[in-house]
Amino acid sequence: MKIKYYAYLREEAGCKEESLSGSFTALSLLRFLGEKHGPGLSRHLLSPEGDEIHADLIFLLDGRHIEFLNNKETIIPENSIVSLFPRIAGG
Amino acid sequence: MYAMTGKLLRVNLSSGTIQTEAIPADLAEKYIGGRGLATKYYTEEVPAGVTALSPENKLIMMTGPLTGTFATSAGRYMCVSKAPLTETIGCANSGGNFGAELKYAGFDGIILEGRSPEPVYLHIKNGKAVLRPADKLWGKTVYETTDMLNETHGPEAKVACIGPAGENGVLYAAIMNDKHRAAGRGGLGAVMGSKNLKAVVVRGTDGIKVADSEGFLAACIDARRKLRSHPVTGTGLGVYGTEILVNIVNSVGALPVHNWRDGAVYKDAEDISGEALAEKYLVRNKGCFGCTIACGRVTKIPNGPYKSAGEGPEYEAAWALGASCGINDLAAICKVNFLCNEYGMDPITLGATYACAMELFDKGLLTKEEIGGPLAFGDAQSIVDFAVKTAMKEGFGARLAEGSYRLAESVGHPELSMSVKKQEMPAYDGRGAQGMGLSYATSNRGGCHVRGYMTSPEILGIPTKMDPLVTEGKAAMLKVFQDLTAVVDSAGICLFTTFGMGLPEIGAQLRPATGFSYTDEEILKTGERIWNMEKLYNLSGGFSKKDDTLPPRLLKEALPEGPAKGKVCELDTMLAEYYQVRGWDAEGVPTPEKISELGLK
Amino acid sequence: MVLRPEKCLGCRSCELICSFNRAKEFNPQKSAVTVIPYDKAMICVPIMCTQCEEACCEKVCPVSAISKDEHGARIIDEKKCIVCKMCISACPLGNIAFDGDKVFKCDLCGGEPNCALHCPSGAIEYKEALPSSILKRKALADRFKDVFGEEE
């Protein structure tokens with residue numbers, strides 16, 4: 001699976017994208033990435049208690065918001081693309 | 001009156017007479033100001049059948065009660081007229097410093113009537129206004145005009161003006177202010193040009209007082225604090241600007257490519273993204289008057305063939321000149337954006353018109369001889385070359401200056417213009433974001449994203465998350481967005497505040513400012529009133545349900561790839577529900593009950 | 001006051017809150033701070049009284065209406081001021097003005113300057129008593145701390 005970071009998540013992750021293998025749900029993936037890249041990233045990915053996805057994180061699985069899939073329990077397939085955005089906007 | 005000056009300037013350009021008139025307090029309370037008040041004056045004074053570029057048309061510039069105060073992002077003013085591009089009611093909103101200065105000069109707004117026999121500009125200083133000859137300014141760019149007027153009238157004077165595009169009647173010419181800010185869409189710059197009015201220069205040293213100083217200050221501080229602590233308005237927009245949207249809209253499969261012909265996933269989205277701009281060409285961010293969000297881009301291309309500097313581009317302009325034209329050269333896109341500011345025209349319509357021309361060329365409906373040079377998808381140089389030609393209506397530029405609808409129609413294929421009511425839809429595919437499709441179809445000023453910004457819930461999850469691929473709930477949410485936006489545009493603050501705050505904060509600032517006691521519900525009702533007023537005007541101008549539609553491409557050609565693969569825009573379902581939610585009949589006409597409920601005629 | 005013009009957004013919130021605080025109206029003419037925009041240089045610079053150690057305004061005042069308060073601000077005693085406007089001529093930096101009623105200048109708002117409080121970007125900051133060179137040294141020291149110090 002590919003993880004793509006956007007906006008300032010790139011600075012915190014130290015990269016624009018990375019490849020991963022493994023069996024993850026949305027939440028367990030974020031925990032994994034948080035542990036891998038440190039608290040600088042993790043505080044944008046997870047709620048302060050660490051048990052929920054951060055309210056300000058936009059998590060897309062192959063372009064679909066996980067709120068419309070299975071939320072934090074959404075299974076992340078091996079060949080999927082995960083796109084992570086902090087809450088941002090324009091117009 | 002508090003917050004507002006209570007005074008309008010009425011300028012008859014045919015006779016050269018200028019009068020000051022009072023704004024009745026009950027009108028100010030009922031329509032708030034800005035867009036609402038301007039539309040009220042406009043629809044009462046100008047019959048719907050008027051020709052946009054004729055002397056009978058009027059152009060109204062109007063600030064809101066909060067403009068020029070410490071309220072959140074309170075630098076906005078509105079231009080209202082019939083839009084030459086669409087012939088609907090046109091309103092274009094702008095920031096910068098001009099609006100605030102107009103209030104410090106003692107006026108809430110200006111009504112411009114008739115046509116001057118010679119090019120003139122309007123000079124306003126502390127309650128006095130004079131028309132002066134603009135023969136030396138005519139033909140000059142926006143930057144030159146502004147600099148020359150500042151030379152004459154002092155560096156603190158604020159200038160709103162047209163560039164050559166407005167003088168030449170480009171149907172999407174803009175009214176620029178403070179050099180880099182634009183009342184951009186619909187061609188109101190051409191209206192100003194048709195009146196031989198080159199510029200409005202304002203200098204004001206009076207102040208604005210509010211009804212309840214302590215209450216107002218507290219409300220402003222509270223709202224500002226909310227904006228500064230919100231991720232979008234506090235950091236996101238300031239750091240990355242509106243182009244931050246490129247990657248996320250692309251990721252959900254809603255970034256239209258090649259005049260919406262080739263789906264909505266752009267392989268080079270990253271190259272034209274806000275991240276790329278911040279990395280490569282951004283000098284710093286900048287705020288309009290009183291604005292803590294400061295999403296403005298101060299941009300410099302330091303070298304290369306497109307070496308230039310200026311402000312922008314914004315997201316929709318970057319899409320129109322970028323993904324829609326298949327162009328990934330950010331420097332070229334910036335250069336064209338600067339040219340649009342300099343010559344005074346809308347980069348969204350320009351880019352979308354280019355894209356249409358590129359598709360027509362691809363199909364052999366336009367020939368190389370007609371165009372007079374390359375204008376093909378992916379050709380970055382061509383979008384630069386044709387920008388000035390369009391502003392000056394030179395060669396093929398004269399056809400581009402009419403916008404994509406008239407261009408496509410001239411070769412017998414109007415359906416290849418990706419527009420609604422002849423105004424090009426910006427950068428969110430209505431097949432990938434159903435609510436945006438409905439928004440385009442129903443906007444009172446044609447294909448417009450900003451008057452009902454469904455992208456906010458559908459893609460960004462603000463204020464609540466809605467699935468972009470479904471139609472459920474979209475009509476009701478759109479009505480709220482359209483009404484609330486009308487409120488924001490009337491109050492004189494920036495729409496972007498609504499990413500970080502809502503109606504309560506708007507009401508909390510409006511009430512102590514003006515001293516009026518309208519509740520939040522009544523304020524939102526005013527938004528609905530304004531929306532209906534615009535709708536009724538369009539209807540009396542001959543628009544009807546058949547115009548509340550989308551190009552066949554969105555209704556019939558399913559997206560070929562991406563997360564929204566297989567989707568068309570299911571407009572019919574949503575439209576029927578939208579009319580219902582609006583309290584209109586099945587033909588989209590406000591019922592007598594609704595009209596009476598809103599206190600309209 | 002510490003000014004960092006490279007952070008200035010040109011929003012003029014400082015002008016608004018200053019004039020409102022002083023005169024209960026929004027009027028940049030009545031603000032003691034002014035933002036000077038430079039279009040071609042692509043920068044905006046906020047300017048207010050620099051609270052000179054050798055204050056010309058204080059020296060020139062014929063009625064000794066200007067003095068230094070406990071925050072180091074030169075303040076005008078309105079009861080003594082005769083509005084002769086000599087201080088306006090005397091100030092080499094243009095930081096005293098006449099608003100049609102009174103002579104006014106930045107008085108640091110009694111120790112909590114509103115402009116700094118409301119500046120959204122930190123272009124104007126109020127750091128009491130520390131000379132700014134120490135602040136810059138500290139910024140450098142912070143880097144060493146981050147690299148070599150213990151995790152906080």
# chains A, B, ... in the order shown; residues from 1 in each chain; ligands from 1
>>> select_by_dssp(residues="stretch 323-456 of chain B", states="strand (DSSP E)", output="short mmCIF file (atom, residue, chain, number, x, y, z; two decimals) with N, CA and C atoms, in the first residue's frame")
data_model
loop_
_atom_site.label_atom_id
_atom_site.label_comp_id
_atom_site.auth_asym_id
_atom_site.auth_seq_id
_atom_site.Cartn_x
_atom_site.Cartn_y
_atom_site.Cartn_z
N SER B 419 -20.10 25.18 -19.14
CA SER B 419 -20.61 26.36 -18.45
C SER B 419 -22.07 26.14 -18.09
N VAL B 420 -22.54 27.00 -17.17
CA VAL B 420 -23.95 27.04 -16.83
C VAL B 420 -24.37 28.50 -16.98
N GLN B 423 -21.60 30.86 -17.91
CA GLN B 423 -20.40 31.08 -17.11
C GLN B 423 -19.77 29.74 -16.76
N GLU B 424 -18.46 29.67 -16.96
CA GLU B 424 -17.74 28.41 -16.85
C GLU B 424 -17.69 27.93 -15.40
#
>>> closest_atom_pairs(of="chain B", to="chain A", cutoff="6 Å", atoms="only C-alpha atoms", output="JSON lines")
{"residue": "B:Val232", "atom": "CA", "partner": "A:Ile88", "partner_atom": "CA", "distance": 4.9}
{"residue": "B:Gly236", "atom": "CA", "partner": "A:Ile88", "partner_atom": "CA", "distance": 5.3}
{"residue": "B:Thr242", "atom": "CA", "partner": "A:Gly90", "partner_atom": "CA", "distance": 3.8}
{"residue": "B:Leu245", "atom": "CA", "partner": "A:Gly90", "partner_atom": "CA", "distance": 6.0}
{"residue": "B:Ser251", "atom": "CA", "partner": "A:Gly63", "partner_atom": "CA", "distance": 5.0}
{"residue": "B:Val252", "atom": "CA", "partner": "A:Gly63", "partner_atom": "CA", "distance": 4.2}
{"residue": "B:Pro563", "atom": "CA", "partner": "A:Gly63", "partner_atom": "CA", "distance": 5.2}
>>> write_last_selection(atoms="N, CA and C atoms", output="short mmCIF file (atom, residue, chain, number, x, y, z; two decimals), in the first residue's frame")
data_model
loop_
_atom_site.label_atom_id
_atom_site.label_comp_id
_atom_site.auth_asym_id
_atom_site.auth_seq_id
_atom_site.Cartn_x
_atom_site.Cartn_y
_atom_site.Cartn_z
N VAL B 232 -8.00 25.45 9.60
CA VAL B 232 -8.09 26.02 8.25
C VAL B 232 -7.77 27.50 8.25
N GLY B 236 -3.81 26.66 7.95
CA GLY B 236 -3.86 26.06 6.61
C GLY B 236 -3.87 27.05 5.46
N THR B 242 -5.25 28.91 -1.23
CA THR B 242 -6.37 28.11 -1.69
C THR B 242 -5.94 26.94 -2.57
N LEU B 245 -6.10 23.01 -2.16
CA LEU B 245 -7.19 22.13 -2.57
C LEU B 245 -6.82 21.19 -3.71
N SER B 251 -7.47 13.85 -5.33
CA SER B 251 -7.50 12.53 -4.67
C SER B 251 -8.90 11.95 -4.59
N VAL B 252 -9.91 12.80 -4.49
CA VAL B 252 -11.26 12.23 -4.47
C VAL B 252 -11.81 12.08 -5.89
N PRO B 563 -11.95 7.48 -7.91
CA PRO B 563 -12.91 7.10 -6.89
C PRO B 563 -14.36 7.33 -7.31
#
>>> residues_around(residues="stretch 88-97 of chain C", least_positions_apart="2", cutoff="10 Å", atoms="only C-alpha atoms", output="PDB file with C-alpha atoms, in the first residue's frame")
ATOM      1  CA  GLN C  29      -5.706  58.162  11.057  1.00  0.00           C
ATOM      2  CA  LYS C  30      -6.192  57.883  14.792  1.00  0.00           C
ATOM      3  CA  SER C  31      -3.960  54.885  15.204  1.00  0.00           C
ATOM      4  CA  ALA C  32      -0.516  55.250  16.756  1.00  0.00           C
ATOM      5  CA  VAL C  33       0.718  52.376  14.601  1.00  0.00           C
ATOM      6  CA  THR C  34       0.773  52.496  10.814  1.00  0.00           C
ATOM      7  CA  ILE C  47       5.716  51.339  12.466  1.00  0.00           C
ATOM      8  CA  MET C  48       5.011  52.929  15.818  1.00  0.00           C
ATOM      9  CA  CYS C  49       6.824  55.090  18.340  1.00  0.00           C
ATOM     10  CA  THR C  50      10.209  53.636  19.218  1.00  0.00           C
ATOM     11  CA  GLN C  51      10.108  55.084  22.756  1.00  0.00           C
ATOM     12  CA  CYS C  52      13.460  56.792  22.273  1.00  0.00           C
ATOM     13  CA  ALA C  55      13.164  61.542  23.325  1.00  0.00           C
ATOM     14  CA  CYS C  56      12.986  64.722  21.250  1.00  0.00           C
ATOM     15  CA  CYS C  57       9.303  65.038  22.008  1.00  0.00           C
ATOM     16  CA  GLU C  58       9.960  65.137  25.741  1.00  0.00           C
ATOM     17  CA  LYS C  59      12.821  67.592  25.364  1.00  0.00           C
ATOM     18  CA  VAL C  60      10.929  70.049  23.184  1.00  0.00           C
ATOM     19  CA  CYS C  61       7.665  70.141  25.136  1.00  0.00           C
ATOM     20  CA  VAL C  83      -1.665  70.978  21.870  1.00  0.00           C
ATOM     21  CA  CYS C  84       1.037  73.293  20.568  1.00  0.00           C
ATOM     22  CA  LYS C  85       2.215  70.414  18.346  1.00  0.00           C
ATOM     23  CA  MET C  86       5.916  71.184  18.788  1.00  0.00           C
ATOM     24  CA  ASP C  99      -6.050  63.663  15.396  1.00  0.00           C
ATOM     25  CA  GLY C 100      -8.015  66.893  15.136  1.00  0.00           C
ATOM     26  CA  LYS C 102      -5.439  65.831  20.678  1.00  0.00           C
ATOM     27  CA  VAL C 103      -1.831  65.060  20.103  1.00  0.00           C
ATOM     28  CA  PHE C 104      -1.276  61.336  20.423  1.00  0.00           C
ATOM     29  CA  LYS C 105       1.403  58.673  20.241  1.00  0.00           C
ATOM     30  CA  CYS C 106       1.965  55.079  21.127  1.00  0.00           C
TER      31      CYS C 106
END
>>> residues_around(residues="B:Glu409", least_positions_apart="6", cutoff="12 Å", atoms="only C-alpha atoms", output="VMD selection string")
chain B and resid 356 to 357 360 365 to 366 399 402 to 403 415 to 419 422
>>> write_last_selection(atoms="C-alpha atoms", output="PDB file, in the first residue's frame")
ATOM      1  CA  CYS B 356     -12.744  24.701 -24.624  1.00  0.00           C
ATOM      2  CA  ALA B 357     -10.782  26.100 -27.560  1.00  0.00           C
ATOM      3  CA  LEU B 360     -12.491  22.336 -30.324  1.00  0.00           C
ATOM      4  CA  LEU B 365     -13.781  22.387 -35.188  1.00  0.00           C
ATOM      5  CA  LEU B 366     -11.221  25.178 -35.061  1.00  0.00           C
ATOM      6  CA  ARG B 399     -13.169  35.171 -29.989  1.00  0.00           C
ATOM      7  CA  GLU B 402     -16.375  36.196 -25.588  1.00  0.00           C
ATOM      8  CA  GLY B 403     -15.983  33.229 -23.258  1.00  0.00           C
ATOM      9  CA  GLU B 415     -22.449  21.711 -25.447  1.00  0.00           C
ATOM     10  CA  LEU B 416     -18.646  21.680 -25.434  1.00  0.00           C
ATOM     11  CA  SER B 417     -18.603  24.805 -23.269  1.00  0.00           C
ATOM     12  CA  MET B 418     -18.393  23.601 -19.701  1.00  0.00           C
ATOM     13  CA  SER B 419     -20.614  26.360 -18.455  1.00  0.00           C
ATOM     14  CA  LYS B 422     -22.744  30.781 -20.074  1.00  0.00           C
TER      15      LYS B 422
END
>>> residues_around(residues="C:Asn27", least_positions_apart="2", cutoff="7 Å", atoms="only C-alpha atoms", output="MDAnalysis selection string")
(chainID B and resid 205:208) or (chainID C and resid 16 19 25 29:31)
>>> interface_residues(of="chain B", to="chain C", cutoff="8 Å", atoms="only C-alpha atoms", output="PyMOL selection string")
chain B and resi 68-70+104+205-210+213+228+283+285-292+294+298
>>> write_last_selection(atoms="C-alpha atoms", output="CSV table (one decimal), in the first residue's frame")
chain,number,residue,atom,x,y,z
B,68,GLY,CA,-13.7,48.8,7.7
B,69,THR,CA,-14.1,47.6,11.3
B,70,PHE,CA,-12.3,45.2,13.5
B,104,TYR,CA,-13.6,56.1,5.8
B,205,THR,CA,-9.8,60.0,7.0
B,206,ASP,CA,-13.0,59.7,8.9
B,207,GLY,CA,-13.7,56.9,11.3
B,208,ILE,CA,-16.4,54.3,11.8
B,209,LYS,CA,-18.3,54.2,15.1
B,210,VAL,CA,-20.4,51.2,16.3
B,213,SER,CA,-18.4,49.6,21.4
B,228,ARG,CA,-7.0,31.7,14.8
B,283,VAL,CA,7.5,34.9,-1.2
B,285,ASN,CA,1.3,35.3,2.4
B,286,LYS,CA,-0.7,38.4,2.7
B,287,GLY,CA,-4.0,39.5,4.2
B,288,CYS,CA,-6.8,41.8,3.0
B,289,PHE,CA,-8.0,44.6,5.3
B,290,GLY,CA,-8.4,43.4,8.8
B,291,CYS,CA,-7.9,39.7,7.9
B,292,THR,CA,-6.2,37.3,10.2
B,294,ALA,CA,-4.2,36.0,5.2
B,298,VAL,CA,2.7,37.0,-2.9
